[in-house]
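target-v9.cif follows (mmCIF, C-alpha atoms):
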```
data_protein
loop_
_atom_site.label_atom_id
_atom_site.label_comp_id
_atom_site.auth_asym_id
_atom_site.auth_seq_id
_atom_site.Cartn_x
_atom_site.Cartn_y
_atom_site.Cartn_z
CA MET Z 101 1.85 21.05 4.70
CA GLU Z 102 2.00 21.35 0.95
CA ALA Z 103 5.29 22.08 -0.65
CA PRO Z 104 5.67 25.66 -1.81
CA PRO Z 105 6.49 25.72 -5.53
CA VAL Z 106 10.18 25.29 -6.17
CA ALA Z 107 11.01 28.10 -8.47
CA VAL Z 108 14.28 29.32 -9.74
CA MET Z 109 13.62 33.01 -9.28
CA PRO Z 110 15.49 34.82 -11.98
CA VAL Z 111 15.91 38.53 -11.61
CA THR Z 112 13.56 39.78 -14.28
CA GLY Z 113 14.14 42.89 -16.31
CA GLY Z 114 11.05 44.45 -14.76
CA SER Z 115 12.43 44.53 -11.23
CA ILE Z 116 15.75 46.06 -12.21
CA HIS Z 117 14.20 48.86 -14.15
CA MET Z 118 11.54 50.20 -11.82
CA MET Z 119 11.60 53.95 -12.00
CA GLU Z 120 10.39 56.55 -9.55
CA TYR Z 121 8.67 59.56 -11.08
CA LEU Z 122 8.79 62.47 -8.66
CA LEU Z 123 7.41 65.97 -8.23
CA GLN Z 124 8.14 68.02 -5.12
CA GLY Z 125 6.93 71.19 -3.49
CA SER Z 126 6.41 72.65 -0.07
CA VAL Z 127 3.77 74.43 2.01
CA LEU Z 128 4.10 76.53 5.14
CA ASP Z 129 2.60 75.19 8.37
CA GLN Z 130 -0.28 77.70 8.14
CA ALA Z 131 -1.41 76.25 4.81
CA LEU Z 132 -1.12 72.60 5.83
CA GLU Z 133 -4.74 72.04 6.87
CA SER Z 134 -6.12 73.45 3.60
CA LEU Z 135 -3.83 71.20 1.62
CA LEU Z 136 -4.80 68.11 3.63
CA HIS Z 137 -8.46 69.00 3.19
CA ARG Z 138 -8.07 69.27 -0.59
CA LEU Z 139 -6.11 66.03 -0.77
CA ARG Z 140 -8.82 64.21 1.18
CA GLY Z 141 -11.26 65.30 -1.49
CA LEU Z 142 -9.08 64.47 -4.50
CA CYS Z 143 -7.56 61.19 -3.40
CA ASP Z 144 -8.93 57.68 -2.99
CA ASN Z 145 -11.62 57.33 -0.43
CA MET Z 146 -9.75 55.85 2.47
CA GLU Z 147 -8.70 57.16 5.86
CA PRO Z 148 -5.56 59.20 5.26
CA GLU Z 149 -2.73 57.48 7.04
CA SER Z 150 -0.40 59.34 9.31
CA PHE Z 151 3.12 58.15 9.91
CA VAL Z 152 6.21 58.82 11.97
CA ASP Z 153 9.31 57.40 10.31
CA HIS Z 154 12.98 57.41 11.17
CA GLU Z 155 15.23 57.43 8.14
CA MET Z 156 18.98 56.85 8.08
CA VAL Z 157 21.10 57.52 5.05
CA PHE Z 158 24.10 55.22 4.64
CA LEU Z 159 27.14 55.68 2.41
CA LEU Z 160 29.56 53.09 1.09
CA LYS Z 161 32.85 54.59 -0.02
CA GLY Z 162 34.69 52.56 -2.56
CA GLN Z 163 37.47 53.21 -4.96
CA GLN Z 164 35.14 54.99 -7.34
CA GLY Z 165 34.48 58.72 -7.05
CA SER Z 166 31.00 58.99 -5.63
CA PRO Z 167 29.85 56.81 -2.74
CA PHE Z 168 26.94 54.37 -2.97
CA ILE Z 169 23.91 55.68 -1.08
CA LEU Z 170 21.25 53.57 0.60
CA ARG Z 171 18.29 54.82 2.64
CA ALA Z 172 17.01 52.71 5.53
CA ARG Z 173 13.67 53.69 6.97
CA HIS Z 174 11.56 52.28 9.77
CA SER Z 175 8.33 53.25 11.43
CA LEU Z 176 8.38 54.70 14.94
CA ASP Z 177 4.64 54.41 15.45
CA ARG Z 178 4.36 50.86 14.05
CA PRO Z 179 7.49 49.23 15.44
CA ALA Z 180 6.58 45.71 14.28
CA ALA Z 181 6.53 46.73 10.61
CA PRO Z 182 9.53 45.65 8.53
CA TRP Z 183 12.33 48.07 7.72
CA HIS Z 184 12.43 49.55 4.26
CA LEU Z 185 15.64 49.86 2.26
CA ARG Z 186 15.76 52.08 -0.78
CA TYR Z 187 18.28 52.70 -3.52
CA LEU Z 188 17.77 55.72 -5.77
CA GLY Z 189 19.80 56.15 -8.93
CA GLN Z 190 20.87 59.33 -10.65
CA PRO Z 191 18.03 61.31 -12.24
CA GLU Z 192 17.63 60.48 -15.91
CA VAL Z 193 18.85 63.22 -18.11
CA GLY Z 194 16.80 63.46 -21.17
CA ASP Z 195 13.57 64.68 -22.45
CA LYS Z 196 13.16 68.23 -21.12
CA SER Z 197 9.46 68.07 -21.86
CA ARG Z 198 9.05 65.25 -19.38
CA HIS Z 199 7.21 66.73 -16.45
CA ALA Z 200 8.63 64.71 -13.61
CA LEU Z 201 12.04 63.75 -12.26
CA VAL Z 202 12.75 60.14 -13.24
CA ARG Z 203 15.24 57.93 -11.46
CA ASN Z 204 15.89 54.23 -11.02
CA CYS Z 205 14.51 52.90 -7.78
CA VAL Z 206 15.00 49.62 -5.91
CA ASP Z 207 12.86 48.99 -2.83
CA VAL Z 208 13.60 46.14 -0.44
CA SER Z 209 11.68 45.19 2.70
CA ALA Z 210 14.01 43.86 5.34
CA SER Z 211 14.13 42.51 8.86
CA HIS Z 212 15.04 44.52 11.95
CA SER Z 213 18.70 43.51 11.70
CA LEU Z 214 19.10 45.91 8.74
CA HIS Z 215 21.07 48.58 10.62
CA ASP Z 216 23.70 46.16 11.94
CA PHE Z 217 23.83 44.37 8.62
CA LEU Z 218 24.57 47.54 6.67
CA LEU Z 219 27.37 48.41 9.08
CA GLU Z 220 28.82 44.91 8.62
CA MET Z 221 28.69 45.43 4.85
CA GLY Z 222 30.89 48.48 5.24
CA PHE Z 223 28.26 51.24 5.06
CA ARG Z 224 28.55 54.19 7.41
CA MET Z 225 25.65 56.41 8.46
CA ASP Z 226 25.88 59.84 6.94
CA HIS Z 227 22.82 61.49 8.46
CA GLU Z 228 19.42 60.69 9.91
CA PHE Z 229 16.10 62.44 10.42
CA VAL Z 230 12.54 61.87 11.54
CA ALA Z 231 9.63 62.43 9.15
CA LYS Z 232 6.09 62.98 10.44
CA GLY Z 233 3.15 63.39 8.14
CA HIS Z 234 0.34 61.96 6.08
CA ILE Z 235 0.17 59.70 3.06
CA PHE Z 236 -2.57 59.75 0.41
CA ARG Z 237 -3.15 57.59 -2.63
CA LYS Z 238 -4.90 58.09 -5.95
CA GLY Z 239 -4.58 54.95 -8.04
CA ALA Z 240 -0.88 54.52 -8.60
CA LEU Z 241 -0.09 58.09 -7.49
CA LYS Z 242 1.23 58.52 -3.99
CA VAL Z 243 1.11 61.89 -2.25
CA VAL Z 244 3.11 62.35 0.93
CA VAL Z 245 2.95 65.52 3.02
CA PHE Z 246 5.43 65.51 5.87
CA LYS Z 247 7.60 67.59 8.15
CA LEU Z 248 11.27 66.91 8.68
CA PHE Z 249 12.74 66.85 12.16
CA ARG Z 250 16.40 67.11 13.03
CA ILE Z 251 17.67 64.55 15.54
CA LEU Z 252 19.60 66.36 18.26
CA LEU Z 253 21.39 63.40 19.81
CA PRO Z 254 22.50 60.62 17.44
CA GLY Z 255 20.21 57.61 17.75
CA ASN Z 256 17.71 59.37 20.02
CA THR Z 257 14.47 59.76 18.10
CA GLU Z 258 12.55 61.22 21.07
CA ASN Z 259 14.58 64.41 21.12
CA THR Z 260 13.93 66.20 17.83
CA GLU Z 261 13.31 69.69 16.54
CA PRO Z 262 11.59 70.78 13.32
CA LEU Z 263 13.97 71.58 10.51
CA SER Z 264 11.85 74.46 9.19
CA LEU Z 265 8.41 76.06 9.26
CA SER Z 266 7.30 74.14 6.17
CA ASN Z 267 6.10 70.75 5.11
CA LEU Z 268 7.51 68.86 2.17
CA VAL Z 269 5.00 67.61 -0.42
CA GLU Z 270 5.99 64.74 -2.69
CA LEU Z 271 3.96 63.27 -5.54
CA SER Z 272 5.45 60.03 -6.81
CA VAL Z 273 4.71 56.99 -8.92
CA LEU Z 274 6.66 53.75 -9.22
CA ALA Z 275 6.46 52.32 -12.71
CA PRO Z 276 8.55 50.22 -15.09
CA ALA Z 277 10.92 52.14 -17.33
CA GLY Z 278 9.53 53.65 -20.48
CA GLN Z 279 6.04 54.59 -19.31
CA ASP Z 280 6.15 58.27 -19.98
CA THR Z 281 2.40 58.84 -19.83
CA VAL Z 282 2.87 58.59 -16.08
CA SER Z 283 4.38 62.05 -15.89
CA ASP Z 284 1.41 63.51 -17.78
CA ASP Z 285 -0.99 62.04 -15.22
CA MET Z 286 1.16 63.48 -12.46
CA ARG Z 287 1.16 66.93 -14.01
CA ASN Z 288 -2.63 66.85 -14.35
CA PHE Z 289 -2.97 65.95 -10.69
CA ALA Z 290 -0.48 68.60 -9.66
CA GLU Z 291 -2.56 71.22 -11.52
CA GLN Z 292 -5.44 70.49 -9.16
CA LEU Z 293 -3.34 71.32 -6.14
CA LYS Z 294 -2.52 74.83 -7.38
CA PRO Z 295 -2.39 77.46 -5.96
CA LEU Z 296 -2.08 75.76 -2.55
CA VAL Z 297 1.16 74.11 -3.59
CA HIS Z 298 3.27 74.22 -6.74
CA LEU Z 299 4.80 70.85 -7.49
CA ASP Z 300 7.84 70.84 -9.72
CA LYS Z 301 10.62 68.58 -10.76
CA ILE Z 302 13.59 69.60 -8.70
CA ASP Z 303 16.96 68.29 -9.77
CA PRO Z 304 18.89 67.51 -6.56
CA LYS Z 305 22.21 68.20 -8.29
CA ARG Z 306 21.29 71.83 -8.85
CA LEU Z 307 20.92 72.30 -5.11
CA MET Z 308 24.48 71.21 -4.32
CA MET U 173 7.19 28.17 12.92
CA CYS U 174 9.35 25.13 12.62
CA LEU U 175 12.47 23.82 14.15
CA THR U 176 15.07 22.62 11.75
CA LEU U 177 18.17 20.61 12.08
CA CYS U 178 20.57 20.15 9.23
CA VAL U 179 23.01 17.36 8.86
CA CYS U 180 25.48 16.86 6.11
CA VAL U 181 26.14 13.28 5.16
CA CYS U 182 28.85 12.77 2.63
CA GLU U 183 30.26 9.76 0.97
CA ILE U 184 33.43 9.94 2.99
CA VAL U 185 32.77 12.37 5.80
CA ILE U 186 29.84 12.83 8.10
CA VAL U 187 29.66 16.26 9.60
CA PHE U 188 27.96 16.91 12.91
CA ARG U 189 28.63 20.47 13.89
CA ALA U 190 31.48 22.77 13.31
CA ARG U 191 33.70 21.18 15.86
CA SER U 192 33.27 17.43 15.50
CA VAL U 193 33.99 15.95 12.14
CA SER U 194 34.48 12.26 11.88
CA GLN U 195 35.51 10.14 8.97
CA VAL U 196 33.30 7.15 8.36
CA PRO U 197 33.95 4.81 5.46
CA VAL U 198 30.82 4.06 3.47
CA ALA U 199 30.28 0.68 1.80
CA GLU U 200 32.12 0.21 -1.44
CA GLY U 201 30.38 1.00 -4.66
CA LYS U 202 27.99 3.62 -3.34
CA SER U 203 27.72 6.97 -5.09
CA VAL U 204 26.12 10.17 -3.78
CA GLN U 205 23.03 9.46 -5.84
CA GLN U 206 22.74 5.89 -4.55
CA THR U 207 23.09 7.02 -0.95
CA VAL U 208 20.36 9.62 -1.46
CA GLU U 209 18.08 6.98 -2.98
CA MET U 210 18.80 4.69 -0.06
CA LEU U 211 17.79 7.39 2.42
CA ASN U 212 14.64 8.17 0.44
CA ARG U 213 13.65 4.50 0.43
CA LYS U 214 14.20 4.27 4.19
CA LEU U 215 11.93 7.26 4.72
CA GLU U 216 9.24 5.78 2.50
CA GLN U 217 9.45 2.49 4.39
CA LEU U 218 8.95 4.42 7.63
CA GLY U 219 5.73 5.79 6.18
CA ALA U 220 6.81 9.24 5.06
CA VAL U 221 4.97 10.73 2.11
CA LYS U 222 6.81 12.61 -0.61
CA GLN U 223 5.48 16.14 -1.01
CA GLY U 224 7.28 17.88 -3.82
CA ASN U 225 10.87 19.03 -3.97
CA PHE U 226 13.01 21.60 -2.28
CA CYS U 227 15.99 23.75 -3.13
CA VAL U 228 18.38 25.75 -0.98
CA ASP U 229 21.08 27.76 -2.68
CA CYS U 230 23.92 29.96 -1.56
CA GLU U 231 25.85 32.55 -3.56
CA THR U 232 29.10 34.08 -2.37
CA TYR U 233 29.91 37.77 -2.75
CA HIS U 234 33.41 38.95 -2.18
CA ALA U 235 33.82 42.44 -0.70
CA GLY U 236 36.78 43.49 -2.79
CA ALA U 237 36.91 47.22 -3.03
CA ILE U 238 36.02 48.15 0.52
CA GLY U 239 37.65 47.77 3.90
CA SER U 240 41.10 48.92 4.88
CA PRO U 241 44.08 47.09 3.41
CA GLY U 242 45.40 44.41 5.69
CA GLN U 243 41.94 43.36 6.76
CA PRO U 244 40.89 39.85 5.74
CA PRO U 245 38.42 39.88 2.82
CA LYS U 246 34.78 39.78 3.81
CA PHE U 247 32.39 37.27 2.33
CA LEU U 248 28.69 38.01 2.05
CA TYR U 249 26.43 35.02 1.45
CA VAL U 250 23.05 35.43 -0.22
CA MET U 251 20.81 32.41 0.18
CA HIS U 252 17.39 31.31 -0.95
CA ASN U 253 15.14 28.59 0.43
CA SER U 254 12.20 27.17 -1.49
CA GLU U 255 10.35 26.82 1.84
CA ALA U 256 10.27 30.64 1.97
CA PRO U 257 9.93 31.54 -1.71
CA LEU U 258 9.30 35.25 -1.18
CA SER U 259 12.36 35.77 0.99
CA CYS U 260 16.03 36.23 0.45
CA PHE U 261 18.56 35.68 3.24
CA ALA U 262 21.85 37.54 3.45
CA LEU U 263 24.46 36.48 6.00
CA PHE U 264 27.96 37.05 7.15
CA GLU U 265 29.60 34.00 8.68
CA ASN U 266 29.33 34.45 12.48
CA GLY U 267 27.75 37.81 11.81
CA PRO U 268 24.32 39.36 11.42
CA CYS U 269 21.69 37.80 9.20
CA LEU U 270 19.27 39.85 7.12
CA VAL U 271 15.91 38.55 5.94
CA ALA U 272 14.70 40.56 2.95
CA ASP U 273 12.42 40.28 -0.05
CA PRO U 274 13.67 39.03 -3.45
CA ASN U 275 14.50 42.60 -4.54
CA PHE U 276 17.65 42.22 -2.48
CA ASP U 277 19.09 40.26 -5.42
CA VAL U 278 18.45 43.29 -7.62
CA LEU U 279 20.25 45.48 -5.08
CA MET U 280 23.29 43.15 -5.16
CA ILE U 281 23.43 43.69 -8.92
CA LYS U 282 23.56 47.45 -8.31
CA LEU U 283 26.35 46.86 -5.80
CA LYS U 284 28.43 44.78 -8.21
CA SER U 285 31.38 47.12 -8.21
CA TYR U 286 31.64 46.76 -4.41
CA PHE U 287 30.64 43.10 -4.01
CA GLN U 288 31.73 40.64 -6.68
CA ASN U 289 29.72 37.48 -7.20
CA ALA U 290 32.03 34.47 -7.09
CA LYS U 291 29.85 32.42 -9.42
CA SER U 292 32.02 29.31 -9.26
CA ASN U 293 31.37 29.14 -5.52
CA LYS U 294 27.61 28.76 -5.81
CA VAL U 295 26.37 25.84 -3.71
CA GLU U 296 22.95 24.29 -4.16
CA SER U 297 21.12 21.49 -2.41
CA ARG U 298 18.16 19.96 -4.21
CA GLY U 299 16.09 16.93 -3.45
CA ALA U 300 12.81 15.47 -2.28
CA ARG U 301 10.67 16.74 0.56
CA TYR U 302 9.02 14.18 2.81
CA GLN U 303 6.31 14.61 5.41
CA TYR U 304 6.03 12.16 8.30
CA CYS U 305 3.41 13.15 10.90
CA ASP U 306 4.76 16.37 12.44
CA PHE U 307 8.15 16.04 10.80
CA LEU U 308 9.41 17.36 7.50
CA VAL U 309 12.50 15.69 6.12
CA LYS U 310 14.46 16.98 3.16
CA VAL U 311 17.23 14.88 1.68
CA GLY U 312 19.24 16.83 -0.83
CA THR U 313 22.26 16.45 -3.06
CA ALA U 314 24.63 19.33 -2.49
CA THR U 315 26.39 20.48 -5.64
CA ILE U 316 29.14 23.01 -6.23
CA ALA U 317 29.31 24.16 -9.84
CA SER U 318 27.09 21.26 -10.94
CA SER U 319 29.19 18.50 -9.43
CA ALA U 320 27.82 16.55 -6.48
CA ARG U 321 29.82 17.11 -3.32
CA GLY U 322 27.70 15.65 -0.56
CA ILE U 323 24.31 15.04 0.92
CA THR U 324 22.32 17.29 3.21
CA VAL U 325 19.57 16.04 5.46
CA GLU U 326 17.25 18.60 7.01
CA VAL U 327 14.82 17.50 9.70
CA GLU U 328 12.11 19.85 10.83
CA TYR U 329 9.79 19.37 13.81
CA CYS U 330 6.89 21.64 12.94
CA PRO U 331 4.90 22.19 16.16
CA CYS U 332 7.79 23.48 18.24
CA VAL U 333 9.63 26.80 18.10
CA THR U 334 11.73 26.46 21.23
CA ALA U 335 15.01 24.99 20.13
CA ASN U 336 16.16 23.22 23.26
CA ASP U 337 12.80 21.69 24.11
CA CYS U 338 12.73 19.19 21.29
CA TRP U 339 16.33 18.38 20.51
CA ASN U 340 15.96 14.93 22.09
CA LEU U 341 12.86 14.18 20.03
CA LEU U 342 14.62 15.23 16.83
CA MET U 343 17.60 13.03 17.68
CA GLU U 344 15.38 10.01 18.38
CA PHE U 345 13.53 10.49 15.10
CA MET U 346 16.76 10.78 13.14
CA GLN U 347 18.09 7.57 14.63
CA SER U 348 15.22 5.74 12.96
CA PHE U 349 16.42 6.43 9.44
CA LEU U 350 19.95 7.84 9.47
CA PRO U 351 22.71 5.26 9.29
CA SER U 352 24.01 5.17 12.86
CA HIS U 353 25.51 8.69 12.69
CA VAL U 354 23.30 11.17 14.43
CA PRO U 355 24.86 14.61 14.78
CA GLY U 356 25.41 16.67 17.90
CA VAL U 357 23.42 19.76 18.85
CA PRO U 358 23.79 22.45 16.18
CA SER U 359 25.72 25.50 17.31
CA VAL U 360 22.80 27.85 16.57
CA PHE U 361 20.80 26.24 19.39
CA GLY U 362 23.42 27.30 21.90
CA VAL U 363 23.48 31.00 21.11
CA LYS U 364 19.73 31.60 21.34
CA THR U 365 18.89 33.90 24.22
CA ASP U 366 15.12 33.51 24.16
CA GLY U 367 15.24 30.07 22.57
CA VAL U 368 12.79 30.91 19.78
CA TYR U 369 13.80 29.38 16.47
CA SER U 370 13.53 31.29 13.21
CA PRO U 371 14.15 30.62 9.49
CA SER U 372 17.45 32.50 9.61
CA ASP U 373 18.74 29.81 12.00
CA THR U 374 18.05 27.22 9.29
CA MET U 375 20.03 29.28 6.79
CA ALA U 376 22.90 29.66 9.25
CA GLN U 377 23.05 25.87 9.58
CA TYR U 378 23.02 25.40 5.81
CA LEU U 379 25.75 28.01 5.47
CA GLU U 380 27.89 26.11 7.96
CA LEU U 381 27.46 22.90 5.96
CA PHE U 382 28.07 24.56 2.62
CA SER U 383 31.25 26.20 3.94
CA LYS U 384 32.49 22.82 5.09
CA LEU U 385 31.79 21.34 1.67
CA ARG U 386 33.68 24.15 -0.01
CA LYS U 387 36.66 23.64 2.26
CA GLN U 388 36.61 19.90 1.59
CA GLN U 389 36.50 20.57 -2.12
CA ALA U 390 39.50 22.84 -1.82
CA ALA U 391 41.35 20.27 0.27
CA THR U 392 40.69 17.19 -1.84
CA GLY U 393 40.81 19.05 -5.11
CA SER U 394 38.82 16.32 -6.86
CA GLY U 395 35.17 15.52 -7.32
CA MET U 396 33.30 12.69 -5.67
CA ARG U 397 31.76 9.76 -7.51
#
```

Spell out the structure here as C-alpha cells.
Amino acid sequence: MEAPPVAVMPVTGGSIHMMEYLLQGSVLDQALESLLHRLRGLCDNMEPESFVDHEMVFLLKGQQGSPFILRARHSLDRPAAPWHLRYLGQPEVGDKSRHALVRNCVDVSASHSLHDFLLEMGFRMDHEFVAKGHIFRKGALKVVVFKLFRILLPGNTENTEPLSLSNLVELSVLAPAGQDTVSDDMRNFAEQLKPLVHLDKIDPKRLM
Amino acid sequence: MCLTLCVCVCEIVIVFRARSVSQVPVAEGKSVQQTVEMLNRKLEQLGAVKQGNFCVDCETYHAGAIGSPGQPPKFLYVMHNSEAPLSCFALFENGPCLVADPNFDVLMIKLKSYFQNAKSNKVESRGARYQYCDFLVKVGTATIASSARGITVEVEYCPCVTANDCWNLLMEFMQSFLPSHVPGVPSVFGVKTDGVYSPSDTMAQYLELFSKLRKQQAATGSGMR
C-alpha cells in the first residue's frame, strides 16, 4: 500500500484553455449507410462504436443577462460508465479564414449523483434528448454521426420519437488554445466526405 | 475499498461525532505539533511503518448570486484527498456529494460569478501516513489560513467495505494508541442503506470535522498554540 504522491494540483493554464474545434453537417436517413461505409474506410482501424446517450441541458440563472449552461450526458447502453459534464463557451469571434468553429470547452467526468448535485447547486433542466449513433476516430479527430430523439414524457428515455429524418454529423477536435493548424486538418478531412455530407462551421447565434 | 474513520483531536476539545463534543484538558505545555509528534511516536512504537505523507483540503464556495432572497446562503465545499489524486469531491453539507475529475476545479473558475471562493476559509490537514498490518493511520495537523487549529486522526481498515461490520475492530485498534478518548460511531455509518463504504463517506467525515474547527475558530476568535 504505497502512498500515492502528495501533489498540490494547481489548475494549469492548459486545462482552462482547451478549445473545441467544430464542423457540423447533416445527412438524410437514406444516405446514412454510405456515409458510415466511407467513414469506416477513412478513419482509424477499429470497430466503430455505437452509442445511445441521454443528454440534459441545465441552466443557472444569475443576476447577469445570459444564464450559465451546462450539459450533462450519460450512456443508456453502458449504465456503469461515469456521467459526463460539459461546459461550452461562446464561439470565438475572429479570424474569418479559420475553417472551424472554435469555443472554450471544459469536460468533467462525474459520478452518478450529478443530476441531483446540479439541482442542489441551483441549476434547472431546460431540455433533454436522446442521441443514438456511431463514433469514429482519426488521430485526434472525432467524427460522430447520430440521430436526435425527442423525449415525450420528461425523464422517460424509453418513450422517444425521432426529431427529424436526418442524422447530425459532427467533426471535432479538442486542443489547447492557439493551435490553428487543427482547423486546416479538419477541412482536409471534411473534403474527403464530400459530396456525401458538407461539413461547415455553423454559428449557433445565427440560428436564434 | 477501505473503511475510514476520522477523529478530530484538538488541544482543548476532542470531537467524536456531530452530537457529542466533550472538553478534555490536555497536559500543560503541549502544542499541536507536540501532540502530533506524540501520536506519531506511539504509532511507531506499536510497529507502524511510515509510508509517505497525506493531504486533505477543503475549499468553501459561497453561492451568492443565486437562490431566492430570504433563503439561507448555500455553501459548496470542494475537497481533495491525496489518497485519490485524480479525483475531486464536491459536497453540500447534509446534501449530495459529487465525485468528479480534477477538471471540476476548472469549472468552478468558470462559475466564479455564481460561486465565490472564500479563500480565507480554506482548511487543510497534512501529516504522515502510517501502515500497520491492514490498517492505515493518518495523523494530520489541521490548519485554517496557515494557522494550526487542531489534529485529525484518520483510521482506515483496508480489507472491509461494510461499515457496520468492523466498527468494533476499528474502535479496539484506536484504543491502543489514542489517549483514552475513542470517538463514537460516525454519523455516515448510520445512513448507509446497503452498508457499502465509499471514498465520499471519508470526505463527508472530514467535512464534518473541518466545519467544527471553523465554528470553534469563530467562537474562540484566537489561534491555538

*For each of Z:Arg186, Z:His215, Z:Arg250, Z:Arg198, take the minimum atom-to-atom distance to Leu123 of chain Z, counting all atoms listed in the file, then give the residue where this is smallest.*
Z:Arg198

_as a list in words, please: the residues near Cys143 of chain Z (cut-off 8 Å, only C-alpha atoms, same-chain neighbours under 6 positions excluded)._
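Surrounding residues, per the criterion: Phe236, Arg237 and Lys238 of chain Z.
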
*Take atom CA of Glu155 of chain Z and atom CA of Ala231 of chain Z and report the distance between them in Å, one decimal.*
7.6 Å

*Between atom CA of Gly299 of chain U and atom CA of Val271 of chain U, what is the distance, to one decimal in Å?*
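Taking atom CA of Gly299 of chain U and atom CA of Val271 of chain U, their separation equals 23.6 Å.
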
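From atom CA of Leu185 of chain Z back to atom CA of Leu263 of chain Z, the distance works out to 23.3 Å.
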
With chain Z as the partner and 9 Å as the cut-off, tabulate the residues of chain U that qualify, each row holding the nearest pair of atoms and their distance in Å to one decimal, using only C-alpha atoms, sorted by chain and rising number, as CSV.
```
residue,atom,partner,partner_atom,distance
U:Gln223,CA,Z:Ala103,CA,6.0
U:Gly224,CA,Z:Ala103,CA,5.6
U:Asn225,CA,Z:Val106,CA,6.7
U:Phe226,CA,Z:Val106,CA,6.1
U:Cys227,CA,Z:Val106,CA,6.7
U:Ala235,CA,Z:Met221,CA,8.1
U:Ala237,CA,Z:Gly162,CA,5.8
U:Ile238,CA,Z:Gly162,CA,5.5
U:Gly239,CA,Z:Gly222,CA,6.9
U:Lys246,CA,Z:Met221,CA,8.4
U:Leu248,CA,Z:Met221,CA,7.9
U:Asn253,CA,Z:Val106,CA,8.9
U:Ser254,CA,Z:Val106,CA,5.4
U:Glu255,CA,Z:Pro104,CA,6.0
U:Ala256,CA,Z:Pro104,CA,7.8
U:Pro257,CA,Z:Pro104,CA,7.3
U:Ala262,CA,Z:Phe217,CA,8.8
U:Leu263,CA,Z:Phe217,CA,8.3
U:Phe264,CA,Z:Glu220,CA,8.0
U:Gly267,CA,Z:Glu220,CA,7.9
U:Pro268,CA,Z:Phe217,CA,5.8
U:Cys269,CA,Z:Ser213,CA,6.9
U:Leu270,CA,Z:Ser213,CA,5.9
U:Val271,CA,Z:Ser211,CA,5.2
U:Ala272,CA,Z:Ala210,CA,4.1
U:Asp273,CA,Z:Ser209,CA,5.7
U:Pro274,CA,Z:Val208,CA,7.7
U:Asn275,CA,Z:Val208,CA,5.5
U:Phe276,CA,Z:Val208,CA,6.0
U:Asp277,CA,Z:Val111,CA,7.2
U:Val278,CA,Z:Ile116,CA,6.0
U:Leu279,CA,Z:Val206,CA,6.7
U:Ile281,CA,Z:Ile116,CA,8.7
U:Lys282,CA,Z:Ile116,CA,8.8
U:Leu283,CA,Z:Phe168,CA,8.0
U:Ser285,CA,Z:Gly162,CA,8.5
U:Tyr286,CA,Z:Gly162,CA,6.8
U:Arg301,CA,Z:Ala103,CA,7.7
U:Gln303,CA,Z:Met101,CA,7.9
U:Leu308,CA,Z:Met101,CA,8.9
```

Matched chain/residue IDs from the PyMOL selection byres ((chain U and resi 312) around 12), as a PDB file with C-alpha atoms, keeping the file's coordinate frame:
```pdb
ATOM      1  CA  CYS U 178      20.570  20.150   9.230  1.00  0.00           C
ATOM      2  CA  VAL U 179      23.010  17.360   8.860  1.00  0.00           C
ATOM      3  CA  CYS U 180      25.480  16.860   6.110  1.00  0.00           C
ATOM      4  CA  VAL U 181      26.140  13.280   5.160  1.00  0.00           C
ATOM      5  CA  CYS U 182      28.850  12.770   2.630  1.00  0.00           C
ATOM      6  CA  VAL U 204      26.120  10.170  -3.780  1.00  0.00           C
ATOM      7  CA  GLN U 205      23.030   9.460  -5.840  1.00  0.00           C
ATOM      8  CA  THR U 207      23.090   7.020  -0.950  1.00  0.00           C
ATOM      9  CA  VAL U 208      20.360   9.620  -1.460  1.00  0.00           C
ATOM     10  CA  GLU U 209      18.080   6.980  -2.980  1.00  0.00           C
ATOM     11  CA  LEU U 211      17.790   7.390   2.420  1.00  0.00           C
ATOM     12  CA  ASN U 212      14.640   8.170   0.440  1.00  0.00           C
ATOM     13  CA  ASN U 225      10.870  19.030  -3.970  1.00  0.00           C
ATOM     14  CA  PHE U 226      13.010  21.600  -2.280  1.00  0.00           C
ATOM     15  CA  CYS U 227      15.990  23.750  -3.130  1.00  0.00           C
ATOM     16  CA  VAL U 228      18.380  25.750  -0.980  1.00  0.00           C
ATOM     17  CA  ASP U 229      21.080  27.760  -2.680  1.00  0.00           C
ATOM     18  CA  VAL U 295      26.370  25.840  -3.710  1.00  0.00           C
ATOM     19  CA  GLU U 296      22.950  24.290  -4.160  1.00  0.00           C
ATOM     20  CA  SER U 297      21.120  21.490  -2.410  1.00  0.00           C
ATOM     21  CA  ARG U 298      18.160  19.960  -4.210  1.00  0.00           C
ATOM     22  CA  GLY U 299      16.090  16.930  -3.450  1.00  0.00           C
ATOM     23  CA  ALA U 300      12.810  15.470  -2.280  1.00  0.00           C
ATOM     24  CA  ARG U 301      10.670  16.740   0.560  1.00  0.00           C
ATOM     25  CA  TYR U 302       9.020  14.180   2.810  1.00  0.00           C
ATOM     26  CA  VAL U 309      12.500  15.690   6.120  1.00  0.00           C
ATOM     27  CA  LYS U 310      14.460  16.980   3.160  1.00  0.00           C
ATOM     28  CA  VAL U 311      17.230  14.880   1.680  1.00  0.00           C
ATOM     29  CA  THR U 313      22.260  16.450  -3.060  1.00  0.00           C
ATOM     30  CA  ALA U 314      24.630  19.330  -2.490  1.00  0.00           C
ATOM     31  CA  THR U 315      26.390  20.480  -5.640  1.00  0.00           C
ATOM     32  CA  ALA U 320      27.820  16.550  -6.480  1.00  0.00           C
ATOM     33  CA  ARG U 321      29.820  17.110  -3.320  1.00  0.00           C
ATOM     34  CA  GLY U 322      27.700  15.650  -0.560  1.00  0.00           C
ATOM     35  CA  ILE U 323      24.310  15.040   0.920  1.00  0.00           C
ATOM     36  CA  THR U 324      22.320  17.290   3.210  1.00  0.00           C
ATOM     37  CA  VAL U 325      19.570  16.040   5.460  1.00  0.00           C
ATOM     38  CA  GLU U 326      17.250  18.600   7.010  1.00  0.00           C
ATOM     39  CA  VAL U 327      14.820  17.500   9.700  1.00  0.00           C
ATOM     40  CA  TYR U 378      23.020  25.400   5.810  1.00  0.00           C
TER      41      TYR U 378
END
```

*Name the residues that the PyMOL selection byres ((chain Z and resi 132) around 12) pulls out of this structure, and write them as a count of residues only.*
25

_Just want the 10 Å neighbourhood of segment 258-262 of chain Z, counted on all atoms listed in the file, with same-chain residues fewer than 6 positions away dropped. Output as a PyMOL selection string._
chain Z and resi 176+229-232+247-252
